[in-house]
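Asker: Structure supplied as final.txt; contents: compact mmCIF, C-alpha atoms and all ligand atoms.
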```txt
# COMPACT_ATOMS: atom_id res chain seq x y z
CA MET W 5 -1.31 -27.12 6.58
CA SER W 6 -0.45 -25.40 3.36
CA ILE W 7 1.58 -22.23 3.50
CA LEU W 8 -0.43 -19.21 2.45
CA GLU W 9 2.51 -17.07 1.31
CA THR W 10 3.89 -19.67 -1.14
CA PRO W 11 2.70 -17.72 -4.24
CA TYR W 12 4.62 -14.67 -2.99
CA LEU W 13 7.83 -16.63 -2.33
CA ASN W 14 7.57 -18.34 -5.73
CA LEU W 15 7.15 -15.03 -7.50
CA LEU W 16 10.23 -13.59 -5.75
CA LYS W 17 12.24 -16.62 -6.93
CA GLU W 18 10.92 -16.31 -10.46
CA ILE W 19 11.86 -12.64 -10.71
CA MET W 20 15.33 -13.23 -9.25
CA THR W 21 16.04 -16.01 -11.77
CA THR W 22 14.24 -14.86 -14.93
CA GLY W 23 13.66 -11.11 -14.43
CA ASN W 24 14.78 -8.53 -16.98
CA ASP W 25 17.42 -6.05 -15.81
CA ARG W 26 15.84 -2.66 -16.24
CA SER W 27 16.48 0.94 -15.38
CA ASP W 28 13.58 2.76 -13.74
CA ARG W 29 12.23 6.18 -12.83
CA THR W 30 13.97 6.28 -9.45
CA GLY W 31 17.44 5.57 -10.90
CA THR W 32 17.84 2.50 -8.67
CA GLY W 33 17.49 -0.29 -11.26
CA THR W 34 15.36 -3.43 -10.98
CA LYS W 35 14.89 -7.00 -12.09
CA SER W 36 11.36 -7.20 -13.40
CA ILE W 37 8.79 -9.36 -15.15
CA PHE W 38 5.56 -8.26 -16.77
CA GLY W 39 2.31 -9.98 -15.85
CA ALA W 40 2.05 -12.19 -12.75
CA GLN W 41 -0.72 -13.45 -10.51
CA MET W 42 -0.93 -14.63 -6.91
CA ARG W 43 -4.05 -16.16 -5.33
CA PHE W 44 -4.74 -16.33 -1.59
CA ASP W 45 -7.62 -18.28 -0.06
CA LEU W 46 -8.73 -16.01 2.77
CA GLN W 47 -10.56 -18.89 4.47
CA ALA W 48 -7.18 -20.53 5.02
CA GLY W 49 -5.86 -17.65 7.11
CA PHE W 50 -4.75 -14.05 6.82
CA PRO W 51 -2.11 -13.63 4.07
CA ILE W 52 0.46 -11.53 5.86
CA ILE W 53 4.07 -12.48 5.07
CA THR W 54 5.72 -14.40 7.93
CA THR W 55 9.27 -14.70 6.52
CA LYS W 56 9.85 -11.13 7.70
CA LYS W 57 7.99 -8.92 10.11
CA VAL W 58 5.35 -6.85 8.31
CA PRO W 59 4.13 -3.92 10.41
CA PHE W 60 0.39 -4.59 10.42
CA GLY W 61 -0.35 -1.42 12.42
CA LEU W 62 0.88 0.65 9.47
CA ILE W 63 -1.31 -1.33 7.09
CA LYS W 64 -4.39 -0.75 9.26
CA SER W 65 -3.82 2.98 9.60
CA GLU W 66 -3.14 3.35 5.87
CA LEU W 67 -6.32 1.48 4.90
CA LEU W 68 -8.45 3.42 7.43
CA TRP W 69 -6.90 6.58 5.97
CA PHE W 70 -7.95 5.55 2.42
CA LEU W 71 -11.44 4.60 3.60
CA ARG W 72 -11.89 7.97 5.32
CA GLY W 73 -11.25 9.59 1.95
CA ASP W 74 -8.28 11.36 3.52
CA THR W 75 -5.33 12.43 1.36
CA ASN W 76 -3.35 14.41 3.90
CA ILE W 77 -0.43 12.70 5.66
CA ARG W 78 -1.37 14.32 8.99
CA PHE W 79 -3.69 11.43 9.94
CA LEU W 80 -0.87 8.97 9.17
CA LEU W 81 1.68 10.92 11.22
CA ALA W 82 -0.76 11.07 14.14
CA HIS W 83 -0.76 7.24 13.94
CA HIS W 84 3.06 7.11 13.75
CA ASN W 85 2.86 5.99 10.15
CA HIS W 86 5.62 7.42 7.95
CA ILE W 87 5.25 5.38 4.77
CA TRP W 88 3.95 8.32 2.72
CA ASP W 89 6.26 11.01 4.18
CA GLU W 90 8.75 11.17 1.35
CA TRP W 91 6.15 12.14 -1.23
CA ALA W 92 4.79 15.07 0.77
CA PHE W 93 8.32 16.09 1.77
CA LYS W 94 9.30 16.16 -1.91
CA SER W 95 6.65 18.76 -2.74
CA TRP W 96 7.77 20.83 0.28
CA ILE W 97 11.47 20.95 -0.64
CA GLU W 98 10.60 21.70 -4.25
CA SER W 99 8.42 24.67 -3.22
CA SER W 100 9.59 28.28 -3.03
CA ASP W 101 8.70 28.40 0.70
CA TYR W 102 11.50 25.95 1.49
CA THR W 103 14.74 27.71 2.42
CA GLY W 104 16.68 24.93 4.20
CA PRO W 105 19.70 22.94 2.95
CA ASP W 106 19.66 21.54 -0.59
CA MET W 107 17.57 18.34 -0.64
CA THR W 108 17.77 17.51 -4.35
CA ASP W 109 17.55 13.73 -4.90
CA PHE W 110 17.29 13.13 -1.14
CA GLY W 111 16.19 9.50 -1.61
CA LEU W 112 19.25 8.24 -3.48
CA ARG W 113 21.72 10.68 -1.86
CA SER W 114 20.86 9.66 1.69
CA GLU W 115 21.66 6.05 0.76
CA SER W 116 25.20 6.84 -0.41
CA ASP W 117 26.13 9.79 1.84
CA PRO W 118 25.77 9.22 5.61
CA GLU W 119 26.52 12.87 6.41
CA PHE W 120 23.76 14.04 4.09
CA LYS W 121 21.44 11.42 5.57
CA GLN W 122 21.70 13.10 8.99
CA VAL W 123 20.84 16.50 7.52
CA TYR W 124 17.95 14.98 5.58
CA LEU W 125 16.53 13.14 8.60
CA GLU W 126 16.69 16.37 10.63
CA GLU W 127 14.83 18.28 7.92
CA LYS W 128 12.20 15.58 7.57
CA LYS W 129 11.67 15.47 11.32
CA LYS W 130 11.07 19.23 11.33
CA PHE W 131 8.69 18.81 8.41
CA ASP W 132 6.69 16.08 10.20
CA GLN W 133 6.44 18.19 13.37
CA LYS W 134 5.21 21.13 11.36
CA ILE W 135 2.55 19.01 9.65
CA LEU W 136 1.32 17.82 13.04
CA ASN W 137 1.35 21.22 14.77
CA ASP W 138 0.63 23.82 12.11
CA ASP W 139 -2.82 23.63 10.47
CA VAL W 140 -2.08 26.00 7.62
CA PHE W 141 1.21 24.29 6.79
CA ALA W 142 -0.44 20.85 6.97
CA LYS W 143 -3.16 21.94 4.58
CA LYS W 144 -0.64 23.16 2.06
CA TYR W 145 2.17 20.61 2.31
CA GLY W 146 0.63 17.53 3.90
CA GLU W 147 -1.69 17.07 0.96
CA LEU W 148 -0.85 14.37 -1.58
CA GLY W 149 -3.54 15.39 -4.06
CA ASN W 150 -5.98 13.00 -5.62
CA VAL W 151 -4.51 9.76 -4.25
CA TYR W 152 -6.52 6.66 -3.29
CA GLY W 153 -8.72 8.26 -0.61
CA ALA W 154 -9.94 10.90 -3.04
CA GLN W 155 -10.60 8.56 -5.95
CA TRP W 156 -12.32 5.92 -3.81
CA ARG W 157 -14.58 8.23 -1.82
CA HIS W 158 -14.94 11.48 -3.75
CA TRP W 159 -14.11 11.05 -7.41
CA GLN W 160 -14.79 14.41 -8.97
CA THR W 161 -16.97 14.54 -12.07
CA ARG W 162 -16.99 17.05 -14.92
CA ASN W 163 -20.03 18.83 -13.52
CA GLY W 164 -18.52 19.34 -10.08
CA LYS W 165 -20.27 16.40 -8.38
CA PHE W 166 -18.59 13.61 -6.43
CA ILE W 167 -18.86 9.84 -6.71
CA ASP W 168 -18.38 7.61 -3.65
CA GLN W 169 -17.20 4.42 -5.35
CA ILE W 170 -16.83 2.46 -2.09
CA GLN W 171 -20.38 3.19 -0.91
CA ASN W 172 -21.74 2.44 -4.38
CA VAL W 173 -19.94 -0.89 -4.67
CA ILE W 174 -21.13 -1.94 -1.18
CA GLU W 175 -24.73 -1.22 -2.22
CA GLU W 176 -24.27 -3.16 -5.45
CA ILE W 177 -22.72 -6.17 -3.66
CA LYS W 178 -25.77 -6.25 -1.38
CA ASN W 179 -28.42 -5.70 -4.04
CA ASN W 180 -26.91 -7.25 -7.13
CA PRO W 181 -24.25 -9.75 -6.06
CA THR W 182 -23.88 -11.46 -9.45
CA SER W 183 -23.10 -8.16 -11.13
CA ARG W 184 -19.96 -8.16 -13.29
CA ARG W 185 -19.50 -4.47 -12.75
CA LEU W 186 -18.43 -4.44 -9.11
CA ILE W 187 -15.45 -2.20 -9.78
CA VAL W 188 -13.56 0.55 -8.00
CA THR W 189 -10.92 2.44 -9.98
CA ALA W 190 -8.24 4.78 -8.72
CA TRP W 191 -6.80 5.57 -12.14
CA ASN W 192 -8.12 8.92 -13.25
CA PRO W 193 -6.27 10.03 -16.40
CA GLU W 194 -7.10 13.66 -15.73
CA ASP W 195 -5.23 13.60 -12.41
CA ILE W 196 -2.13 11.67 -13.44
CA PRO W 197 -0.01 14.69 -14.44
CA SER W 198 -0.52 16.39 -11.04
CA ALA W 199 -0.33 13.31 -8.78
CA ALA W 200 2.60 12.94 -6.33
CA LEU W 201 2.62 9.26 -7.28
CA PRO W 202 0.12 7.90 -9.83
CA PRO W 203 -1.84 5.02 -8.27
CA CYS W 204 -0.06 1.66 -8.21
CA HIS W 205 -3.12 -0.34 -7.22
CA VAL W 206 -5.18 0.82 -10.10
CA LEU W 207 -8.44 -1.07 -10.11
CA PHE W 208 -10.24 -3.80 -8.18
CA GLN W 209 -13.28 -5.95 -8.83
CA PHE W 210 -15.46 -7.96 -6.47
CA TYR W 211 -17.11 -11.32 -7.15
CA VAL W 212 -19.72 -13.01 -4.97
CA ASN W 213 -20.24 -16.76 -5.09
CA ASP W 214 -21.62 -19.20 -2.50
CA ASN W 215 -21.95 -16.31 -0.06
CA ARG W 216 -18.25 -15.62 -0.34
CA LEU W 217 -16.73 -12.33 -1.36
CA SER W 218 -13.62 -12.38 -3.56
CA LEU W 219 -11.57 -9.49 -4.85
CA GLN W 220 -9.15 -9.22 -7.73
CA LEU W 221 -6.71 -6.31 -7.82
CA TYR W 222 -4.84 -5.03 -10.85
CA GLN W 223 -1.60 -3.42 -9.72
CA ARG W 224 0.36 -1.76 -12.54
CA SER W 225 3.68 -1.65 -10.65
CA GLY W 226 4.79 -3.67 -7.64
CA ASP W 227 7.85 -3.25 -5.43
CA MET W 228 8.02 -6.94 -4.50
CA PHE W 229 10.04 -6.56 -1.30
CA LEU W 230 8.61 -3.42 0.33
CA GLY W 231 5.28 -2.54 -1.23
CA ILE W 232 3.75 -5.91 -2.13
CA PRO W 233 3.63 -7.39 1.40
CA PHE W 234 1.75 -4.23 2.42
CA ASN W 235 -0.58 -4.42 -0.56
CA ILE W 236 -1.46 -8.09 0.01
CA ALA W 237 -2.31 -7.53 3.67
CA SER W 238 -4.15 -4.30 2.93
CA TYR W 239 -6.44 -5.77 0.26
CA ALA W 240 -7.03 -8.92 2.31
CA LEU W 241 -8.16 -6.64 5.15
CA LEU W 242 -10.37 -4.68 2.76
CA VAL W 243 -12.12 -7.90 1.67
CA HIS W 244 -12.77 -8.80 5.32
CA LEU W 245 -14.17 -5.33 6.07
CA ILE W 246 -16.46 -5.22 3.04
CA ALA W 247 -17.55 -8.83 3.67
CA ARG W 248 -18.51 -7.79 7.20
CA GLU W 249 -20.60 -4.86 6.01
CA THR W 250 -22.32 -6.89 3.29
CA GLY W 251 -22.95 -9.95 5.49
CA LEU W 252 -20.78 -12.30 3.41
CA LYS W 253 -17.93 -14.71 4.16
CA VAL W 254 -14.50 -14.13 2.64
CA GLY W 255 -13.40 -15.87 -0.55
CA ASP W 256 -10.13 -15.35 -2.47
CA PHE W 257 -7.84 -12.39 -2.92
CA ILE W 258 -6.33 -12.49 -6.40
CA HIS W 259 -3.39 -10.18 -6.92
CA THR W 260 -2.60 -9.45 -10.56
CA LEU W 261 0.57 -7.50 -11.32
CA GLY W 262 1.82 -5.54 -14.33
CA ASP W 263 5.52 -4.69 -13.76
CA ALA W 264 6.54 -6.89 -10.82
CA HIS W 265 10.04 -5.83 -9.78
CA ILE W 266 12.79 -6.25 -7.22
CA TYR W 267 15.04 -3.23 -6.75
CA HIS W 268 18.81 -3.87 -7.02
CA ASN W 269 19.32 -2.64 -3.48
CA HIS W 270 16.85 -5.28 -2.20
CA PHE W 271 18.59 -8.36 -3.68
CA GLU W 272 20.42 -9.34 -0.48
CA GLN W 273 17.28 -8.88 1.58
CA VAL W 274 15.32 -11.09 -0.83
CA GLN W 275 18.01 -13.81 -0.69
CA GLU W 276 17.89 -13.71 3.10
CA LEU W 277 14.09 -13.91 3.12
CA LEU W 278 14.12 -16.92 0.81
CA THR W 279 16.33 -18.89 3.21
CA ARG W 280 13.64 -18.63 5.90
CA LYS W 281 10.92 -21.17 6.61
CA PRO W 282 7.44 -19.63 6.60
CA TYR W 283 5.07 -20.06 9.55
CA ASP W 284 1.38 -20.86 9.39
CA ALA W 285 -0.66 -17.76 8.60
CA PRO W 286 -2.36 -15.89 11.45
CA LYS W 287 -6.10 -15.25 11.74
CA LEU W 288 -7.80 -11.88 11.56
CA TRP W 289 -10.03 -10.67 14.40
CA LEU W 290 -12.59 -7.96 13.70
CA ASN W 291 -14.61 -6.48 16.54
CA PRO W 292 -17.89 -8.47 16.30
CA GLU W 293 -19.88 -5.42 17.40
CA LYS W 294 -18.99 -3.41 14.31
CA ASN W 295 -20.66 -3.86 10.94
CA LYS W 296 -19.91 -0.71 9.00
CA ILE W 297 -16.49 -0.15 7.50
CA MET W 298 -16.55 3.51 8.54
CA ASP W 299 -16.99 2.59 12.22
CA PHE W 300 -13.80 0.55 12.42
CA GLU W 301 -10.91 1.99 14.41
CA MET W 302 -7.38 0.71 14.99
CA THR W 303 -8.33 -1.33 18.09
CA ASP W 304 -11.21 -3.08 16.27
CA ILE W 305 -8.77 -4.93 14.01
CA LYS W 306 -6.21 -7.46 15.27
CA LEU W 307 -4.09 -10.34 14.08
CA ILE W 308 -4.21 -13.49 16.20
CA ASP W 309 -1.10 -15.68 16.35
CA TYR W 310 1.02 -13.70 13.93
CA LYS W 311 4.29 -15.63 14.13
CA HIS W 312 7.00 -14.10 11.99
CA HIS W 313 10.74 -13.93 11.41
CA SER W 314 12.64 -10.72 12.19
CA THR W 315 12.40 -7.43 10.30
CA ILE W 316 14.58 -7.04 7.21
CA LYS W 317 15.38 -3.38 6.54
CA ALA W 318 15.46 -2.07 2.99
CA PRO W 319 15.70 1.43 1.49
CA VAL W 320 12.61 2.76 -0.29
CA ALA W 321 13.15 4.07 -3.83
CA VAL W 322 11.64 7.55 -4.18
N1 LIG C 401 9.57 2.46 -4.27
C1 LIG C 401 8.40 2.44 -3.62
N2 LIG C 401 7.97 1.30 -3.09
C2 LIG C 401 6.78 1.26 -2.44
O1 LIG C 401 6.42 0.17 -1.95
C3 LIG C 401 5.98 2.43 -2.35
C4 LIG C 401 6.45 3.61 -2.93
N3 LIG C 401 7.67 3.60 -3.56
N4 LIG C 401 5.73 4.75 -2.87
C5 LIG C 401 4.42 4.80 -2.26
C6 LIG C 401 4.15 3.74 -1.31
C7 LIG C 401 4.69 3.85 0.08
N5 LIG C 401 4.88 2.46 0.43
C8 LIG C 401 5.81 2.01 1.36
C9 LIG C 401 6.82 2.86 1.80
C10 LIG C 401 7.74 2.41 2.72
C11 LIG C 401 7.66 1.11 3.24
C12 LIG C 401 8.64 0.65 4.26
O2 LIG C 401 9.69 1.25 4.46
N6 LIG C 401 8.34 -0.42 5.00
C13 LIG C 401 9.21 -0.99 6.03
C14 LIG C 401 8.76 -0.60 7.41
C15 LIG C 401 8.70 0.86 7.63
C16 LIG C 401 8.44 1.21 9.06
O3 LIG C 401 8.46 0.31 9.93
O4 LIG C 401 8.21 2.41 9.30
C17 LIG C 401 9.13 -2.51 5.98
O5 LIG C 401 10.06 -3.15 6.52
O6 LIG C 401 8.16 -3.04 5.45
C18 LIG C 401 6.65 0.28 2.78
C19 LIG C 401 5.73 0.73 1.85
C20 LIG C 401 4.43 1.63 -0.62
N7 LIG C 401 4.71 2.46 -1.74
O1 LIG C 402 1.14 0.49 -2.95
C1 LIG C 402 2.20 0.56 -3.56
C2 LIG C 402 2.70 1.77 -4.00
C3 LIG C 402 3.86 1.81 -4.68
N1 LIG C 402 4.54 0.68 -4.96
C4 LIG C 402 5.83 0.79 -5.67
C5 LIG C 402 5.92 0.27 -7.07
C6 LIG C 402 7.08 1.07 -7.63
O2 LIG C 402 8.30 0.51 -7.17
C7 LIG C 402 6.90 2.44 -6.99
C8 LIG C 402 6.11 3.40 -7.84
O3 LIG C 402 6.88 3.85 -8.91
P1 LIG C 402 6.26 4.01 -10.39
O4 LIG C 402 7.43 4.50 -11.21
O5 LIG C 402 5.18 5.01 -10.33
O6 LIG C 402 5.80 2.66 -10.83
O7 LIG C 402 6.17 2.17 -5.79
C9 LIG C 402 4.07 -0.53 -4.52
O8 LIG C 402 4.69 -1.59 -4.72
N2 LIG C 402 2.91 -0.56 -3.85
```
Using structure tokens, write down the structure that the file contains.
Ligand SMILES: Nc1nc(=O)c2c([nH]1)NC[C@@H]1CN(c3ccc(C(=O)N[C@@H](CCC(=O)O)C(=O)O)cc3)CN21
Ligand SMILES: O=c1ccn([C@H]2C[C@H](O)[C@@H](COP(=O)(O)O)O2)c(=O)[nH]1
Answerer:
Amino acid sequence: MSILETPYLNLLKEIMTTGNDRSDRTGTGTKSIFGAQMRFDLQAGFPIITTKKVPFGLIKSELLWFLRGDTNIRFLLAHHNHIWDEWAFKSWIESSDYTGPDMTDFGLRSESDPEFKQVYLEEKKKFDQKILNDDVFAKKYGELGNVYGAQWRHWQTRNGKFIDQIQNVIEEIKNNPTSRRLIVTAWNPEDIPSAALPPCHVLFQFYVNDNRLSLQLYQRSGDMFLGIPFNIASYALLVHLIARETGLKVGDFIHTLGDAHIYHNHFEQVQELLTRKPYDAPKLWLNPEKNKIMDFEMTDIKLIDYKHHSTIKAPVAV
């Protein structure tokens, strides 16, 4: 059987050997190429990376969070998902309400200074607890602004109305499957200056052929080691969910990247990953009793036979 993650492994190799050395916003430094594409046949299995352990539970809770139109990290914390913490924490420590120890540049500093890392982890733990237990605090500091959930489900128009792009595209897929306008965009130029992190997965388009639903994503910036395995699994899951609601089978997921990069402090991890032999891809199980994306909960979504190598830890660039 062919190995589903081959396009991912090949792209890692290509960036390691031909990538440009570039400085970046986070001060970490990357090797990067511009313009790349991976294609995954979703009939052949579920494209989750097997050469390291990818925490699928976090991917499920993040996607359900987007689909709820939620932009507050409280829902994620309640599901033990911490992948968005740093960006909320940043707005907290930069606010005038924060009076704790100096947290300037906490991302990079905690990598080089173990003593500081302890102080930082303590502060972040307190922050997370406060988000979970204090409604007023959560409303003010758990909010990430107009991130994916907001743009997908309640894009705000000039005249104060809201557009539900997900509901609209589902209707269009059902009623007008050959449409070439089956698009959802998260990139709203008006919101970019105020966003904690401008959207990385910027725009996606659906395509229906032979009763199969395909999706192509344009991602402007991809952290190949940490972010991309999440993004691949997340969009593959989205195709399955929308296919379920529209009564279609799954087709391809095509992942198109702008700046595809590997951070300098991920090189060793990437080398280690590339020595590993991938396993056959698992299958996705969706609760057969559910048909509407909004009805899906964590326990309605499972991977069957996800065989994988061990976790490889890597620091996230903030
Ligand atoms: N530099 C950077 N890379 C990203 O991938 C990224 C951002 N920033 N900012 C926004 C989101 C948050 N994302 C993240 C953040 C952290 C992990 C991460 O640390 N993943 C670990 C597991 C974490 C855990 O188990 O809690 C991994 O091994 O995949 C992954 C994606 C993706 N995005
Ligand atoms: O879903 C995501 C979200 C973020 N990333 C990565 C890509 C970059 O490394 C950073 C974002 O930094 P920018 O300077 O805004 O490009 O996060 C990802 O891979 N996937």
Asker: Can I get the residues close to ligand LIG 401 (chain C) as a list in words, where close means within 8 Å and we count only C-alpha atoms and all ligand atoms?
Answerer: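 Based on only C-alpha atoms and all ligand atoms, ligand LIG 401 (chain C) is surrounded within 8 Å by Thr30, Lys57, Val58, Pro59, Leu62, Asn85, His86, Ile87, Trp88, Trp91, Leu201, Gly226, Asp227, Met228, Phe229, Leu230, Gly231, Ile232, Pro233, Phe234, Asn235, Thr315, Ile316, Lys317, Ala318, Pro319, Val320, Ala321 and Val322 of chain W.
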Asker: Fewer than 2 positions away in the same chain doesn't count, so skip those; otherwise give me all residues within 12 Å of Ile19 (chain W), counting all atoms listed in the file, as a PyMOL selection string.
Answerer: chain W and resi 12-17+21-25+34-40+226-229+263-268+271+274-275
Asker: Pick from W:Ser238, W:Gln41, W:Asn179, W:Asn291: nearest to His259 (chain W), with all atoms listed in the file counted?
Answerer: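 Looking only at the distances to His259 (chain W), the closest residue turns out to be W:Gln41.
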Asker: Rank nothing, just name the residue among W:Lys144, W:Arg26, W:His158, W:His205 nearest to ligand LIG 402 (chain C), using all atoms listed in the file.
Answerer: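 For ligand LIG 402 (chain C), the nearest of the given residues is W:His205.
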Asker: Report, in Å with one decimal, the straight-line distance from CA of Thr189 (chain W) to CA of Asp214 (chain W).
Answerer: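 CA of Asp214 (chain W) lies at a distance of 25.3 Å from CA of Thr189 (chain W).
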Asker: Just how far from CA of Phe131 (chain W) is CA of Trp159 (chain W), in Å to one decimal?
Answerer: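 Answer for the CA of Trp159 (chain W) to CA of Phe131 (chain W) separation: 28.8 Å.
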Asker: Given the choices W:Glu90, W:Asp138, W:Glu272, W:Asp309, which gets closest to ligand LIG 402 (chain C) if the distance is worked out from all atoms listed in the file?
Answerer: W:Glu90
Asker: Nearest to Ile177 (chain W) among W:Thr279, W:Gln133, W:Thr303, W:Thr250, with distances taken over all atoms listed in the file: which residue is it?
Answerer: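 Under the stated criterion, the closest residue is W:Thr250.
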Asker: Show me the residues around (-10.1, -11.4, -8.1) - criterion: an atom at most 8 Å away, all atoms listed in the file counted - as a PyMOL selection string.
Answerer: chain W and resi 208-211+218-221+256-259
Asker: Padding 8 Å on every side, please: axis-aligned box over the listed atoms of region 150-167 of chain W, centre and edge lengths to one decimal in Å, as JSON.
Answerer:
```
{"center_x": -12.4, "center_y": 12.6, "center_z": -7.8, "size_x": 31.8, "size_y": 29.4, "size_z": 30.3}
```
Asker: Between W:Glu126, W:Ser183, W:Ile196, W:Lys64, which one has atoms that come closest to Ser114 (chain W), using all atoms listed in the file?
Answerer: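 Of the candidates, the smallest distance to Ser114 (chain W) is held by W:Glu126.
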Asker: Rounded to one decimal place, report the CA of Arg43 (chain W)-CA of Ala240 (chain W) distance in Å.
Answerer: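 One can read the CA of Arg43 (chain W) to CA of Ala240 (chain W) distance as 10.9 Å.
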Asker: For Leu290 (chain W), which residue among W:Lys311, W:Arg78, W:Lys121, W:Arg248 is the nearest when counting all atoms listed in the file?
Answerer: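 Distance minimum relative to Leu290 (chain W) lands on W:Arg248.
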Asker: Would you list the contacts of His313 (chain W) as a ChimeraX atom specification, taking every protein, DNA or RNA residue within 9 Å and counting all atoms listed in the file, but skipping same-chain residues closer than 3 positions in sequence?
Answerer: /W:54-57,277,280-283,316
Asker: Excluding Glu194 (chain W) and residues on its chain fewer than 4 positions from it, collect all residues at most 12 Å away from it, counting all atoms listed in the file, and give them as a PyMOL selection string.
Answerer: chain W and resi 150+155+159-162+190+198-199+202
Asker: Export C-alpha atoms of the chosen residues as an mmCIF file, in the coordinates of the input?
Answerer:
```cif
data_model
loop_
_atom_site.group_PDB
_atom_site.id
_atom_site.type_symbol
_atom_site.label_atom_id
_atom_site.label_comp_id
_atom_site.auth_asym_id
_atom_site.auth_seq_id
_atom_site.Cartn_x
_atom_site.Cartn_y
_atom_site.Cartn_z
ATOM 1 C CA ASN W 150 -5.980 13.000 -5.620
ATOM 2 C CA GLN W 155 -10.600 8.560 -5.950
ATOM 3 C CA TRP W 159 -14.110 11.050 -7.410
ATOM 4 C CA GLN W 160 -14.790 14.410 -8.970
ATOM 5 C CA THR W 161 -16.970 14.540 -12.070
ATOM 6 C CA ARG W 162 -16.990 17.050 -14.920
ATOM 7 C CA ALA W 190 -8.240 4.780 -8.720
ATOM 8 C CA SER W 198 -0.520 16.390 -11.040
ATOM 9 C CA ALA W 199 -0.330 13.310 -8.780
ATOM 10 C CA PRO W 202 0.120 7.900 -9.830
#
```
Asker: Which residues come within 8 Å of Phe70 (chain W), counting only C-alpha atoms, excluding same-chain residues fewer than 5 positions away, as a list in words?
Answerer: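 My list of contacting residues is Thr75, Tyr152, Gly153, Ala154 and Trp156 of chain W.
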Asker: Show me, as number ranges by chain, the residues that have an atom within 12 Å of Lys143 (chain W) when counting only C-alpha atoms, minus same-chain residues fewer than 6 positions from it.
Answerer: W: 74-79, 92, 96, 134-137, 149
Asker: Can we get region 192-204 of chain W of that structure written down with N, CA and C atoms, as a PDB file, in the first residue's frame?
Answerer:
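So the final result, stored in decode_14.pdb, reads:
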```pdb
ATOM      1  N   ASN W 192      -9.386  38.723   6.331  1.00  0.00           N
ATOM      2  CA  ASN W 192     -10.178  39.940   6.285  1.00  0.00           C
ATOM      3  C   ASN W 192      -9.238  41.127   6.527  1.00  0.00           C
ATOM      4  N   PRO W 193      -8.890  41.845   5.447  1.00  0.00           N
ATOM      5  CA  PRO W 193      -7.862  42.891   5.559  1.00  0.00           C
ATOM      6  C   PRO W 193      -8.144  43.905   6.670  1.00  0.00           C
ATOM      7  N   GLU W 194      -9.417  44.141   6.923  1.00  0.00           N
ATOM      8  CA  GLU W 194      -9.788  45.109   7.939  1.00  0.00           C
ATOM      9  C   GLU W 194      -9.330  44.658   9.335  1.00  0.00           C
ATOM     10  N   ASP W 195      -9.302  43.340   9.552  1.00  0.00           N
ATOM     11  CA  ASP W 195      -8.999  42.819  10.889  1.00  0.00           C
ATOM     12  C   ASP W 195      -7.523  42.534  11.122  1.00  0.00           C
ATOM     13  N   ILE W 196      -6.730  42.542  10.056  1.00  0.00           N
ATOM     14  CA  ILE W 196      -5.336  42.107  10.199  1.00  0.00           C
ATOM     15  C   ILE W 196      -4.569  42.925  11.253  1.00  0.00           C
ATOM     16  N   PRO W 197      -4.691  44.264  11.244  1.00  0.00           N
ATOM     17  CA  PRO W 197      -3.895  45.019  12.225  1.00  0.00           C
ATOM     18  C   PRO W 197      -4.205  44.660  13.678  1.00  0.00           C
ATOM     19  N   SER W 198      -5.430  44.231  13.990  1.00  0.00           N
ATOM     20  CA  SER W 198      -5.789  43.967  15.391  1.00  0.00           C
ATOM     21  C   SER W 198      -5.725  42.488  15.756  1.00  0.00           C
ATOM     22  N   ALA W 199      -5.398  41.614  14.801  1.00  0.00           N
ATOM     23  CA  ALA W 199      -5.438  40.172  15.083  1.00  0.00           C
ATOM     24  C   ALA W 199      -4.224  39.731  15.907  1.00  0.00           C
ATOM     25  N   ALA W 200      -4.449  38.802  16.873  1.00  0.00           N
ATOM     26  CA  ALA W 200      -3.348  38.249  17.666  1.00  0.00           C
ATOM     27  C   ALA W 200      -2.362  37.564  16.721  1.00  0.00           C
ATOM     28  N   LEU W 201      -2.895  36.867  15.735  1.00  0.00           N
ATOM     29  CA  LEU W 201      -2.079  36.180  14.734  1.00  0.00           C
ATOM     30  C   LEU W 201      -2.920  36.167  13.458  1.00  0.00           C
ATOM     31  N   PRO W 202      -2.500  36.904  12.427  1.00  0.00           N
ATOM     32  CA  PRO W 202      -3.290  36.893  11.189  1.00  0.00           C
ATOM     33  C   PRO W 202      -3.399  35.460  10.664  1.00  0.00           C
ATOM     34  N   PRO W 203      -4.550  35.095  10.088  1.00  0.00           N
ATOM     35  CA  PRO W 203      -4.780  33.712   9.693  1.00  0.00           C
ATOM     36  C   PRO W 203      -3.644  33.138   8.849  1.00  0.00           C
ATOM     37  N   CYS W 204      -3.266  31.905   9.138  1.00  0.00           N
ATOM     38  CA  CYS W 204      -2.264  31.205   8.333  1.00  0.00           C
ATOM     39  C   CYS W 204      -2.962  30.405   7.247  1.00  0.00           C
TER      40      CYS W 204
END
```
